There are 2 protein chains.
Amino acid sequence: MTTARERARVELTAAIKEQARKQLVAEGAHQLSLRAVARDLGMASSAVYRYFPSRDELLTALIIDAYDSLGAALEAVERRAGVVEWWCDTWAAARAWALDNRREYELIFGSPVQGYRAPQDTVAPASRVPLALLRIAEAGDPPDGEVSDELREQVLRVTELVGTSLAPGAAARVMVAWAQLFGLLSFELFGQFVGSADPAGPLFEHAARAAAAHVGLTG
Amino acid sequence: MTTARERARVELTAAIKEQARKQLVAEGAHQLSLRAVARDLGMASSAVYRYFPSRDELLTALIIDAYDSLGAALEAVERRAGVVEWWCDTWAAARAWALDNRREYELIFGSPVQGYRAPQDTVAPASRVPLALLRIAEAGDPPDGEVSDELREQVLRVTELVGTSLAPGAAARVMVAWAQLFGLLSFELFGQFVGSADPAGPLFEHAARAAAAHVGLTG
DNA sequence: GTACACCGAGAGCAGTGCTCTCGAATCCGA
DNA sequence: TCGGATTCGAGAGCACTGCTCTCGGTGTAC
């Protein structure tokens with residue numbers, strides 16, 4: 001049975017997070033101020049601490065939501081034709097999400113401000129993204145490939161953990177492609193491409209197809 | 001002729017930047033405080049503003065130095081054997097620099113905190129890195145390749161600007177590899193690989209060779 | 001219905017970036 | 001060499017931050 005106090009608590013927690021997200025979008029993570037959030041909500045700043053023990057915890061909550069939002073966006077991409085198209089559509093969806101949610105993107109793929117990122121809480125939602133890529137790759141039936149013993153061991157631990165049928169060589173290539181995808185997006189959003197490949201759409205599409213080929217997707 | 005005042009000015013400017021760098025390394029860009037720098041230098045905080053008009057300008061100075069340091073580290077890699085080895089050595093040098101200078105790496109490849117990054121000042125030193133990769137690629141004599149018209153146009157503007165003999169298709173692949181390199185490094189340093197490819201050494205070496213092959217380096 | 005846990009508000013602390021003013025040091029031209 | 005102009009350092013001050021503590025009121029559970 002949920003008491004009135006409990007209901008009020010979850011509601012206020014959500015309201016604080018929502019107001020914080022608005023500030024994040026408007027001004028960026030750096031400018032996000034707990035006191036300003038409290039002000040906009042008409043409450044004392046000290047009251048916010050009843051719900052989030054610190055500013056970093058509030059940011060962590062936003063990080064988790066951002067990962068979930070991105071993960072959901074990628075998982076929502078349906079296979080229409082071949083696996084390569086599916087793969088490229090998913091890359092495009094990632095880019096679209098990043099461009100539509102710059103501040104959230106910066107939050108999760110920018111420098112980790114809060115010492116070391118809160119581990120277990122964010123790892124699970126964060127893993128949805130690479131998992132989405134892995135699932136697509138599975139459908140493309142990529143071949144194995146040469147990998148060093150060290151890498152094979154690392155990758156095998158991952159493939160076992162997530163329960164994929166992918167061979168170690170293929171899984172390693174997917175991980176590289178995963179980093180490739182967000183390397184491109186970070187470069188575009190963080191201004192490294194200014195003066196060269198900006199906007200990065202054409203280069204991005206090129207890279208998506210190349211990555212699909214490199215992973216070894218067929219069909 | 002340099003007056004005593006001018007000499008004092010360049011010395012103090014350097015001293016402030018050096019002290020700021022120490023704080024950056026010790027605590028990260030987020031914790032870098034102008035007042036603390038002034039305190040450690042035994043001067044009033046207001047005096048620092050005679051040398052750097054704002055905290056962001058100080059950070060920008062550190063960013064420029066970091067780009068130059070990274071660029072120099074990559075340019076210092078000598079070709080010992082084949083071009084592929086040269087390429088991989090350069091990738092390894094980039095990773096070594098990143099691991100040895102985490103805070104500087106975060107500063108330049110993390111989320112741009114200062115609104116929009118100061119443009120012209122940082123662009124020149126920042127371009128040393130991709131240029132180093134381009135120079136190596138030139139020695140590997142990569143073939144051209146299919147690129148969309150849009151991409152070809154963008155890439156041609158860049159190749160003309162930097163004066164390279166690389167065909168558009170090859171130059172485009174180098175740019176993708178450039179983003180790939182720092183995508184991997186950012187993932188490793190920013191904790192995305194925690195629980196999977198951590199440490200990322202083996203995956204990194206794998207990716208370096210794959211990138212060399214994808215660019216089409218021979219010899 | 002009473003004890004207890006919870007919660008909001010306010011004051012307060014230590015710190016921040018940045019501005020302004022004022023007196024002193026320095027430079028440069030006459 | 002001297003005097004006006006420029007530059008500089010120090011200190012006070014403003015508005016803001018994250019966070020803590022205390023205190024009085026409120027909902028909950030026994």
# chains A, B, ... in the order shown; residues from 1 in each chain; ligands from 1

$ interface_residues --of "chain A" --to "chain D" --cutoff "12 Å" --atoms "only C-alpha atoms (C1' of nucleotides)" --output "PyMOL selection string"
chain A and resi 2-6+8+30-36+45-49+52-56

$ select_by_dssp --residues "chain B" --states "helix (DSSP H, G or I)" --output "compact mmCIF listing (two decimals) with N, CA and C atoms, in the first residue's frame"
# COMPACT_ATOMS: atom_id res chain seq x y z
N ALA B 4 61.36 45.76 -18.61
CA ALA B 4 61.24 44.86 -17.47
C ALA B 4 59.78 44.44 -17.27
N ARG B 5 58.92 45.38 -17.53
CA ARG B 5 57.49 45.09 -17.35
C ARG B 5 57.04 44.00 -18.32
N GLU B 6 57.50 44.12 -19.56
CA GLU B 6 57.10 43.12 -20.55
C GLU B 6 57.63 41.75 -20.18
N ARG B 7 58.88 41.71 -19.75
CA ARG B 7 59.43 40.42 -19.34
C ARG B 7 58.67 39.83 -18.17
N ALA B 8 58.38 40.67 -17.21
CA ALA B 8 57.62 40.21 -16.05
C ALA B 8 56.25 39.68 -16.48
N ARG B 9 55.71 40.33 -17.47
CA ARG B 9 54.37 39.94 -17.91
C ARG B 9 54.38 38.54 -18.54
N VAL B 10 55.33 38.28 -19.43
CA VAL B 10 55.35 36.96 -20.06
C VAL B 10 55.70 35.89 -19.02
N GLU B 11 56.57 36.25 -18.07
CA GLU B 11 56.92 35.27 -17.04
C GLU B 11 55.72 34.93 -16.17
N LEU B 12 55.01 35.96 -15.74
CA LEU B 12 53.88 35.72 -14.86
C LEU B 12 52.77 34.99 -15.62
N THR B 13 52.59 35.36 -16.87
CA THR B 13 51.58 34.65 -17.68
C THR B 13 51.91 33.15 -17.73
N ALA B 14 53.19 32.86 -17.96
CA ALA B 14 53.59 31.46 -18.01
C ALA B 14 53.44 30.80 -16.66
N ALA B 15 53.77 31.53 -15.60
CA ALA B 15 53.68 30.94 -14.26
C ALA B 15 52.24 30.62 -13.92
N ILE B 16 51.34 31.51 -14.27
CA ILE B 16 49.92 31.26 -13.99
C ILE B 16 49.45 30.03 -14.77
N LYS B 17 49.83 29.97 -16.04
CA LYS B 17 49.42 28.83 -16.85
C LYS B 17 50.00 27.54 -16.29
N GLU B 18 51.22 27.60 -15.85
CA GLU B 18 51.86 26.39 -15.32
C GLU B 18 51.17 25.93 -14.03
N GLN B 19 50.88 26.88 -13.17
CA GLN B 19 50.18 26.54 -11.93
C GLN B 19 48.79 25.99 -12.24
N ALA B 20 48.16 26.58 -13.23
CA ALA B 20 46.83 26.10 -13.63
C ALA B 20 46.92 24.68 -14.16
N ARG B 21 47.99 24.40 -14.91
CA ARG B 21 48.14 23.06 -15.44
C ARG B 21 48.30 22.05 -14.30
N LYS B 22 49.05 22.44 -13.29
CA LYS B 22 49.22 21.55 -12.14
C LYS B 22 47.87 21.24 -11.51
N GLN B 23 47.07 22.27 -11.34
CA GLN B 23 45.74 22.05 -10.76
C GLN B 23 44.88 21.20 -11.68
N LEU B 24 45.01 21.44 -12.97
CA LEU B 24 44.24 20.64 -13.92
C LEU B 24 44.59 19.16 -13.78
N VAL B 25 45.88 18.88 -13.74
CA VAL B 25 46.32 17.48 -13.63
C VAL B 25 45.86 16.88 -12.31
N ALA B 26 45.94 17.69 -11.25
CA ALA B 26 45.64 17.15 -9.93
C ALA B 26 44.15 16.95 -9.72
N GLU B 27 43.33 17.85 -10.24
CA GLU B 27 41.92 17.82 -9.87
C GLU B 27 40.95 17.80 -11.04
N ALA B 29 39.63 19.59 -14.95
CA ALA B 29 39.25 20.91 -15.43
C ALA B 29 38.11 21.48 -14.61
N HIS B 30 37.21 20.61 -14.17
CA HIS B 30 36.04 21.08 -13.45
C HIS B 30 36.44 21.78 -12.15
N GLN B 31 37.47 21.27 -11.51
CA GLN B 31 37.87 21.80 -10.21
C GLN B 31 38.87 22.94 -10.33
N LEU B 34 40.43 29.65 -10.47
CA LEU B 34 41.31 30.80 -10.64
C LEU B 34 41.79 31.33 -9.31
N ARG B 35 40.91 31.33 -8.35
CA ARG B 35 41.30 31.82 -7.03
C ARG B 35 42.37 30.95 -6.40
N ALA B 36 42.22 29.63 -6.56
CA ALA B 36 43.21 28.73 -5.99
C ALA B 36 44.56 28.92 -6.67
N VAL B 37 44.54 29.10 -7.99
CA VAL B 37 45.79 29.36 -8.71
C VAL B 37 46.45 30.61 -8.15
N ALA B 38 45.66 31.66 -7.99
CA ALA B 38 46.20 32.90 -7.45
C ALA B 38 46.77 32.68 -6.04
N ARG B 39 46.03 31.94 -5.23
CA ARG B 39 46.50 31.66 -3.86
C ARG B 39 47.86 30.99 -3.88
N ASP B 40 47.97 29.93 -4.70
CA ASP B 40 49.23 29.19 -4.75
C ASP B 40 50.37 30.05 -5.26
N SER B 45 43.49 37.32 -6.27
CA SER B 45 42.80 36.69 -7.40
C SER B 45 42.51 37.71 -8.49
N SER B 46 42.27 38.93 -8.09
CA SER B 46 41.96 39.96 -9.09
C SER B 46 43.15 40.23 -10.00
N ALA B 47 44.34 40.00 -9.50
CA ALA B 47 45.53 40.27 -10.32
C ALA B 47 45.62 39.31 -11.50
N VAL B 48 45.13 38.09 -11.29
CA VAL B 48 45.19 37.11 -12.38
C VAL B 48 44.42 37.61 -13.60
N ARG B 55 38.23 32.77 -16.70
CA ARG B 55 38.60 31.38 -16.49
C ARG B 55 38.61 30.62 -17.81
N ASP B 56 37.64 30.91 -18.64
CA ASP B 56 37.57 30.21 -19.93
C ASP B 56 38.80 30.48 -20.79
N GLU B 57 39.30 31.73 -20.73
CA GLU B 57 40.48 32.05 -21.51
C GLU B 57 41.69 31.26 -21.01
N LEU B 58 41.76 31.09 -19.71
CA LEU B 58 42.84 30.28 -19.15
C LEU B 58 42.73 28.85 -19.66
N LEU B 59 41.52 28.32 -19.61
CA LEU B 59 41.31 26.96 -20.10
C LEU B 59 41.65 26.86 -21.58
N THR B 60 41.27 27.86 -22.34
CA THR B 60 41.60 27.85 -23.77
C THR B 60 43.10 27.78 -23.98
N ALA B 61 43.85 28.54 -23.17
CA ALA B 61 45.31 28.48 -23.28
C ALA B 61 45.81 27.07 -23.00
N LEU B 62 45.23 26.43 -21.99
CA LEU B 62 45.64 25.06 -21.67
C LEU B 62 45.26 24.11 -22.81
N ILE B 63 44.11 24.36 -23.42
CA ILE B 63 43.67 23.53 -24.54
C ILE B 63 44.66 23.62 -25.69
N ILE B 64 45.07 24.83 -26.00
CA ILE B 64 46.02 25.01 -27.11
C ILE B 64 47.31 24.26 -26.82
N ASP B 65 47.81 24.40 -25.60
CA ASP B 65 49.03 23.70 -25.24
C ASP B 65 48.86 22.19 -25.34
N ALA B 66 47.69 21.72 -24.93
CA ALA B 66 47.45 20.27 -24.97
C ALA B 66 47.44 19.77 -26.42
N TYR B 67 46.78 20.51 -27.30
CA TYR B 67 46.78 20.12 -28.70
C TYR B 67 48.20 20.10 -29.25
N ASP B 68 48.96 21.09 -28.90
CA ASP B 68 50.33 21.15 -29.40
C ASP B 68 51.16 19.98 -28.86
N SER B 69 50.94 19.67 -27.59
CA SER B 69 51.68 18.57 -27.00
C SER B 69 51.33 17.25 -27.69
N LEU B 70 50.04 17.03 -27.89
CA LEU B 70 49.62 15.80 -28.58
C LEU B 70 50.13 15.77 -30.01
N GLY B 71 50.00 16.89 -30.69
CA GLY B 71 50.47 16.95 -32.07
C GLY B 71 51.95 16.65 -32.17
N ALA B 72 52.72 17.24 -31.27
CA ALA B 72 54.17 17.01 -31.28
C ALA B 72 54.48 15.54 -31.01
N ALA B 73 53.73 14.94 -30.10
CA ALA B 73 53.98 13.54 -29.77
C ALA B 73 53.75 12.65 -30.99
N LEU B 74 52.74 12.99 -31.78
CA LEU B 74 52.46 12.16 -32.96
C LEU B 74 53.49 12.42 -34.07
N GLU B 75 53.84 13.69 -34.23
CA GLU B 75 54.80 14.02 -35.28
C GLU B 75 56.18 13.45 -34.97
N VAL B 83 55.00 1.29 -43.75
CA VAL B 83 54.05 2.36 -43.46
C VAL B 83 53.01 1.88 -42.45
N VAL B 84 52.60 0.62 -42.58
CA VAL B 84 51.61 0.10 -41.64
C VAL B 84 52.13 0.15 -40.23
N GLU B 85 53.40 -0.21 -40.04
CA GLU B 85 54.01 -0.13 -38.70
C GLU B 85 54.05 1.33 -38.23
N TRP B 86 54.39 2.20 -39.15
CA TRP B 86 54.45 3.61 -38.81
C TRP B 86 53.08 4.09 -38.32
N TRP B 87 52.09 3.72 -39.06
CA TRP B 87 50.71 4.06 -38.70
C TRP B 87 50.36 3.52 -37.31
N CYS B 88 50.65 2.27 -37.09
CA CYS B 88 50.29 1.65 -35.81
C CYS B 88 51.10 2.26 -34.66
N ASP B 89 52.36 2.56 -34.91
CA ASP B 89 53.17 3.21 -33.88
C ASP B 89 52.58 4.57 -33.51
N THR B 90 52.09 5.26 -34.51
CA THR B 90 51.51 6.58 -34.25
C THR B 90 50.23 6.44 -33.42
N TRP B 91 49.43 5.46 -33.76
CA TRP B 91 48.25 5.20 -32.94
C TRP B 91 48.66 4.89 -31.50
N ALA B 92 49.66 4.07 -31.36
CA ALA B 92 50.12 3.72 -30.01
C ALA B 92 50.63 4.96 -29.29
N ALA B 93 51.29 5.84 -30.01
CA ALA B 93 51.78 7.08 -29.39
C ALA B 93 50.62 7.94 -28.93
N ALA B 94 49.56 7.97 -29.71
CA ALA B 94 48.37 8.74 -29.32
C ALA B 94 47.78 8.17 -28.03
N ARG B 95 47.72 6.84 -27.96
CA ARG B 95 47.16 6.23 -26.75
C ARG B 95 48.06 6.49 -25.55
N ALA B 96 49.37 6.38 -25.77
CA ALA B 96 50.30 6.63 -24.68
C ALA B 96 50.15 8.06 -24.18
N TRP B 97 50.05 9.00 -25.12
CA TRP B 97 49.87 10.39 -24.71
C TRP B 97 48.59 10.55 -23.91
N ALA B 98 47.53 9.92 -24.37
CA ALA B 98 46.24 10.05 -23.69
C ALA B 98 46.30 9.47 -22.28
N LEU B 99 46.95 8.32 -22.15
CA LEU B 99 47.01 7.70 -20.82
C LEU B 99 47.92 8.50 -19.89
N ASP B 100 48.94 9.11 -20.45
CA ASP B 100 49.86 9.91 -19.63
C ASP B 100 49.32 11.30 -19.32
N ARG B 102 45.76 12.27 -19.04
CA ARG B 102 44.30 12.08 -19.01
C ARG B 102 43.57 13.40 -18.93
N ARG B 103 43.99 14.26 -18.03
CA ARG B 103 43.26 15.50 -17.79
C ARG B 103 43.29 16.39 -19.02
N GLU B 104 44.46 16.47 -19.67
CA GLU B 104 44.55 17.25 -20.89
C GLU B 104 43.68 16.61 -21.97
N TYR B 105 43.67 15.29 -22.01
CA TYR B 105 42.83 14.61 -23.00
C TYR B 105 41.35 14.96 -22.78
N GLU B 106 40.94 14.87 -21.54
CA GLU B 106 39.55 15.22 -21.22
C GLU B 106 39.24 16.64 -21.64
N LEU B 107 40.22 17.49 -21.44
CA LEU B 107 40.02 18.90 -21.75
C LEU B 107 39.73 19.10 -23.24
N ILE B 108 40.47 18.41 -24.09
CA ILE B 108 40.30 18.68 -25.51
C ILE B 108 39.27 17.79 -26.18
N PHE B 109 39.08 16.57 -25.68
CA PHE B 109 38.13 15.68 -26.34
C PHE B 109 36.86 15.45 -25.54
N PRO B 119 37.36 29.73 -31.50
CA PRO B 119 37.54 29.07 -32.78
C PRO B 119 38.97 29.09 -33.31
N GLN B 120 39.40 30.19 -33.85
CA GLN B 120 40.62 30.19 -34.64
C GLN B 120 41.85 29.82 -33.83
N ASP B 121 41.85 30.17 -32.56
CA ASP B 121 43.02 29.91 -31.74
C ASP B 121 43.31 28.42 -31.59
N THR B 122 42.25 27.63 -31.48
CA THR B 122 42.46 26.21 -31.22
C THR B 122 42.50 25.39 -32.50
N VAL B 123 41.92 25.92 -33.56
CA VAL B 123 41.80 25.12 -34.78
C VAL B 123 43.17 24.75 -35.33
N ALA B 124 44.09 25.72 -35.35
CA ALA B 124 45.40 25.45 -35.94
C ALA B 124 46.16 24.35 -35.20
N PRO B 125 46.35 24.49 -33.88
CA PRO B 125 47.05 23.40 -33.19
C PRO B 125 46.28 22.08 -33.23
N ALA B 126 44.96 22.18 -33.24
CA ALA B 126 44.17 20.95 -33.26
C ALA B 126 44.37 20.20 -34.57
N SER B 127 44.66 20.92 -35.64
CA SER B 127 44.75 20.24 -36.93
C SER B 127 46.06 19.48 -37.10
N ARG B 128 47.00 19.70 -36.19
CA ARG B 128 48.26 18.95 -36.30
C ARG B 128 48.03 17.46 -36.23
N VAL B 129 47.05 17.06 -35.42
CA VAL B 129 46.80 15.63 -35.22
C VAL B 129 46.32 14.95 -36.50
N PRO B 130 45.21 15.41 -37.09
CA PRO B 130 44.79 14.76 -38.34
C PRO B 130 45.83 14.91 -39.44
N LEU B 131 46.56 16.02 -39.44
CA LEU B 131 47.58 16.19 -40.47
C LEU B 131 48.67 15.13 -40.35
N ALA B 132 49.03 14.81 -39.12
CA ALA B 132 50.05 13.77 -38.93
C ALA B 132 49.57 12.46 -39.53
N LEU B 133 48.29 12.15 -39.33
CA LEU B 133 47.76 10.91 -39.90
C LEU B 133 47.76 10.98 -41.43
N LEU B 134 47.40 12.14 -41.96
CA LEU B 134 47.37 12.31 -43.41
C LEU B 134 48.75 12.09 -44.02
N ARG B 135 49.77 12.64 -43.37
CA ARG B 135 51.13 12.52 -43.90
C ARG B 135 51.56 11.05 -43.99
N ILE B 136 51.22 10.31 -42.95
CA ILE B 136 51.56 8.89 -42.96
C ILE B 136 50.82 8.18 -44.09
N ALA B 137 49.54 8.52 -44.22
CA ALA B 137 48.73 7.88 -45.25
C ALA B 137 49.31 8.15 -46.64
N GLU B 138 49.79 9.36 -46.84
CA GLU B 138 50.38 9.68 -48.14
C GLU B 138 51.50 8.71 -48.49
N ALA B 139 52.30 8.39 -47.48
CA ALA B 139 53.42 7.48 -47.72
C ALA B 139 52.96 6.07 -48.04
N GLY B 140 51.70 5.77 -47.67
CA GLY B 140 51.20 4.41 -47.89
C GLY B 140 50.52 4.24 -49.23
N ASP B 149 28.89 12.44 -53.88
CA ASP B 149 29.29 13.74 -54.42
C ASP B 149 29.47 14.78 -53.31
N GLU B 150 28.54 14.76 -52.37
CA GLU B 150 28.64 15.71 -51.26
C GLU B 150 29.95 15.56 -50.51
N LEU B 151 30.25 14.30 -50.19
CA LEU B 151 31.47 14.02 -49.41
C LEU B 151 32.70 14.40 -50.21
N ARG B 152 32.66 14.04 -51.50
CA ARG B 152 33.81 14.37 -52.36
C ARG B 152 34.09 15.88 -52.32
N GLU B 153 33.01 16.65 -52.39
CA GLU B 153 33.18 18.10 -52.38
C GLU B 153 33.81 18.58 -51.07
N GLN B 154 33.29 18.09 -49.96
CA GLN B 154 33.85 18.46 -48.66
C GLN B 154 35.31 18.08 -48.56
N VAL B 155 35.61 16.85 -48.94
CA VAL B 155 36.96 16.35 -48.78
C VAL B 155 37.92 17.09 -49.69
N LEU B 156 37.46 17.41 -50.91
CA LEU B 156 38.34 18.14 -51.83
C LEU B 156 38.74 19.49 -51.26
N ARG B 157 37.79 20.13 -50.57
CA ARG B 157 38.11 21.42 -49.96
C ARG B 157 39.24 21.25 -48.93
N VAL B 158 39.16 20.16 -48.19
CA VAL B 158 40.19 19.92 -47.17
C VAL B 158 41.52 19.58 -47.81
N THR B 159 41.51 18.66 -48.76
CA THR B 159 42.78 18.24 -49.36
C THR B 159 43.47 19.40 -50.06
N GLU B 160 42.69 20.27 -50.68
CA GLU B 160 43.30 21.45 -51.28
C GLU B 160 43.93 22.33 -50.23
N LEU B 161 43.17 22.52 -49.14
CA LEU B 161 43.63 23.41 -48.07
C LEU B 161 44.95 22.94 -47.48
N VAL B 162 45.06 21.67 -47.24
CA VAL B 162 46.27 21.17 -46.59
C VAL B 162 47.31 20.72 -47.61
N PRO B 168 40.43 11.82 -53.01
CA PRO B 168 39.31 12.08 -52.09
C PRO B 168 38.87 10.85 -51.31
N GLY B 169 38.76 9.73 -51.99
CA GLY B 169 38.32 8.53 -51.30
C GLY B 169 39.28 8.15 -50.19
N ALA B 170 40.56 8.25 -50.46
CA ALA B 170 41.56 7.91 -49.44
C ALA B 170 41.52 8.90 -48.29
N ALA B 171 41.41 10.18 -48.62
CA ALA B 171 41.38 11.20 -47.57
C ALA B 171 40.15 11.01 -46.68
N ALA B 172 39.04 10.67 -47.28
CA ALA B 172 37.83 10.43 -46.49
C ALA B 172 38.05 9.28 -45.52
N ARG B 173 38.70 8.24 -45.98
CA ARG B 173 38.94 7.10 -45.09
C ARG B 173 39.89 7.46 -43.96
N VAL B 174 40.84 8.34 -44.24
CA VAL B 174 41.74 8.79 -43.17
C VAL B 174 40.95 9.58 -42.13
N MET B 175 40.02 10.40 -42.58
CA MET B 175 39.23 11.17 -41.62
C MET B 175 38.39 10.25 -40.74
N VAL B 176 37.85 9.23 -41.35
CA VAL B 176 37.07 8.26 -40.57
C VAL B 176 37.99 7.57 -39.56
N ALA B 177 39.20 7.23 -40.01
CA ALA B 177 40.14 6.58 -39.10
C ALA B 177 40.54 7.50 -37.96
N TRP B 178 40.66 8.76 -38.28
CA TRP B 178 40.99 9.76 -37.25
C TRP B 178 39.91 9.76 -36.15
N ALA B 179 38.67 9.79 -36.57
CA ALA B 179 37.58 9.74 -35.59
C ALA B 179 37.56 8.40 -34.86
N GLN B 180 37.92 7.36 -35.59
CA GLN B 180 37.96 6.03 -34.98
C GLN B 180 38.98 5.99 -33.84
N LEU B 181 40.16 6.53 -34.12
CA LEU B 181 41.23 6.53 -33.13
C LEU B 181 40.78 7.17 -31.82
N PHE B 182 40.20 8.36 -31.93
CA PHE B 182 39.84 9.07 -30.71
C PHE B 182 38.51 8.59 -30.14
N GLY B 183 37.72 7.93 -30.95
CA GLY B 183 36.55 7.27 -30.40
C GLY B 183 36.97 6.16 -29.44
N LEU B 184 37.93 5.39 -29.84
CA LEU B 184 38.44 4.32 -28.98
C LEU B 184 39.06 4.89 -27.71
N LEU B 185 39.89 5.90 -27.88
CA LEU B 185 40.56 6.47 -26.71
C LEU B 185 39.55 7.09 -25.74
N SER B 186 38.58 7.79 -26.29
CA SER B 186 37.58 8.38 -25.42
C SER B 186 36.79 7.30 -24.69
N PHE B 187 36.44 6.26 -25.38
CA PHE B 187 35.73 5.17 -24.73
C PHE B 187 36.55 4.58 -23.59
N GLU B 188 37.83 4.40 -23.85
CA GLU B 188 38.66 3.81 -22.80
C GLU B 188 38.80 4.77 -21.62
N LEU B 189 39.10 6.02 -21.91
CA LEU B 189 39.37 6.96 -20.82
C LEU B 189 38.10 7.39 -20.11
N GLY B 201 44.01 -2.03 -24.46
CA GLY B 201 45.20 -2.23 -25.28
C GLY B 201 45.01 -3.22 -26.42
N PRO B 202 44.61 -4.43 -26.15
CA PRO B 202 44.47 -5.41 -27.22
C PRO B 202 43.48 -4.98 -28.30
N LEU B 203 42.33 -4.47 -27.87
CA LEU B 203 41.35 -4.01 -28.86
C LEU B 203 41.92 -2.87 -29.69
N PHE B 204 42.69 -2.02 -29.01
CA PHE B 204 43.26 -0.86 -29.69
C PHE B 204 44.23 -1.28 -30.79
N GLU B 205 45.09 -2.22 -30.47
CA GLU B 205 46.04 -2.68 -31.48
C GLU B 205 45.32 -3.33 -32.65
N HIS B 206 44.31 -4.10 -32.31
CA HIS B 206 43.49 -4.72 -33.36
C HIS B 206 42.91 -3.65 -34.28
N ALA B 207 42.36 -2.61 -33.67
CA ALA B 207 41.72 -1.55 -34.45
C ALA B 207 42.73 -0.78 -35.28
N ALA B 208 43.92 -0.59 -34.74
CA ALA B 208 44.95 0.15 -35.48
C ALA B 208 45.29 -0.56 -36.78
N ARG B 209 45.51 -1.86 -36.68
CA ARG B 209 45.84 -2.63 -37.90
C ARG B 209 44.66 -2.62 -38.86
N ALA B 210 43.46 -2.79 -38.31
CA ALA B 210 42.28 -2.79 -39.17
C ALA B 210 42.11 -1.45 -39.88
N ALA B 211 42.39 -0.39 -39.15
CA ALA B 211 42.25 0.94 -39.75
C ALA B 211 43.27 1.13 -40.86
N ALA B 212 44.49 0.67 -40.62
CA ALA B 212 45.52 0.77 -41.66
C ALA B 212 45.07 0.04 -42.92
N ALA B 213 44.50 -1.13 -42.71
CA ALA B 213 44.04 -1.91 -43.85
C ALA B 213 42.87 -1.20 -44.54
N HIS B 214 41.98 -0.66 -43.73
CA HIS B 214 40.81 0.00 -44.31
C HIS B 214 41.20 1.24 -45.10
N VAL B 215 42.16 1.99 -44.58
CA VAL B 215 42.64 3.16 -45.31
C VAL B 215 43.29 2.72 -46.62

$ closest_residue --among "C:DA5, C:DA30, C:DA24, C:DA14" --to "chain A" --atoms "only C-alpha atoms (C1' of nucleotides)"
C:DA5

$ interface_residues --of "chain C" --to "chain A" --cutoff "12 Å" --atoms "only C-alpha atoms (C1' of nucleotides)" --output "number ranges by chain"
C: 5-11

$ atom_distance --atom1 "atom CA of Phe190 of chain A" --atom2 "atom CA of Gly28 of chain B"
18.6 Å

$ closest_residue --among "A:Gly191, A:Gly82, A:Gly42, A:Gly216" --to "chain B" --atoms "only C-alpha atoms"
A:Gly191
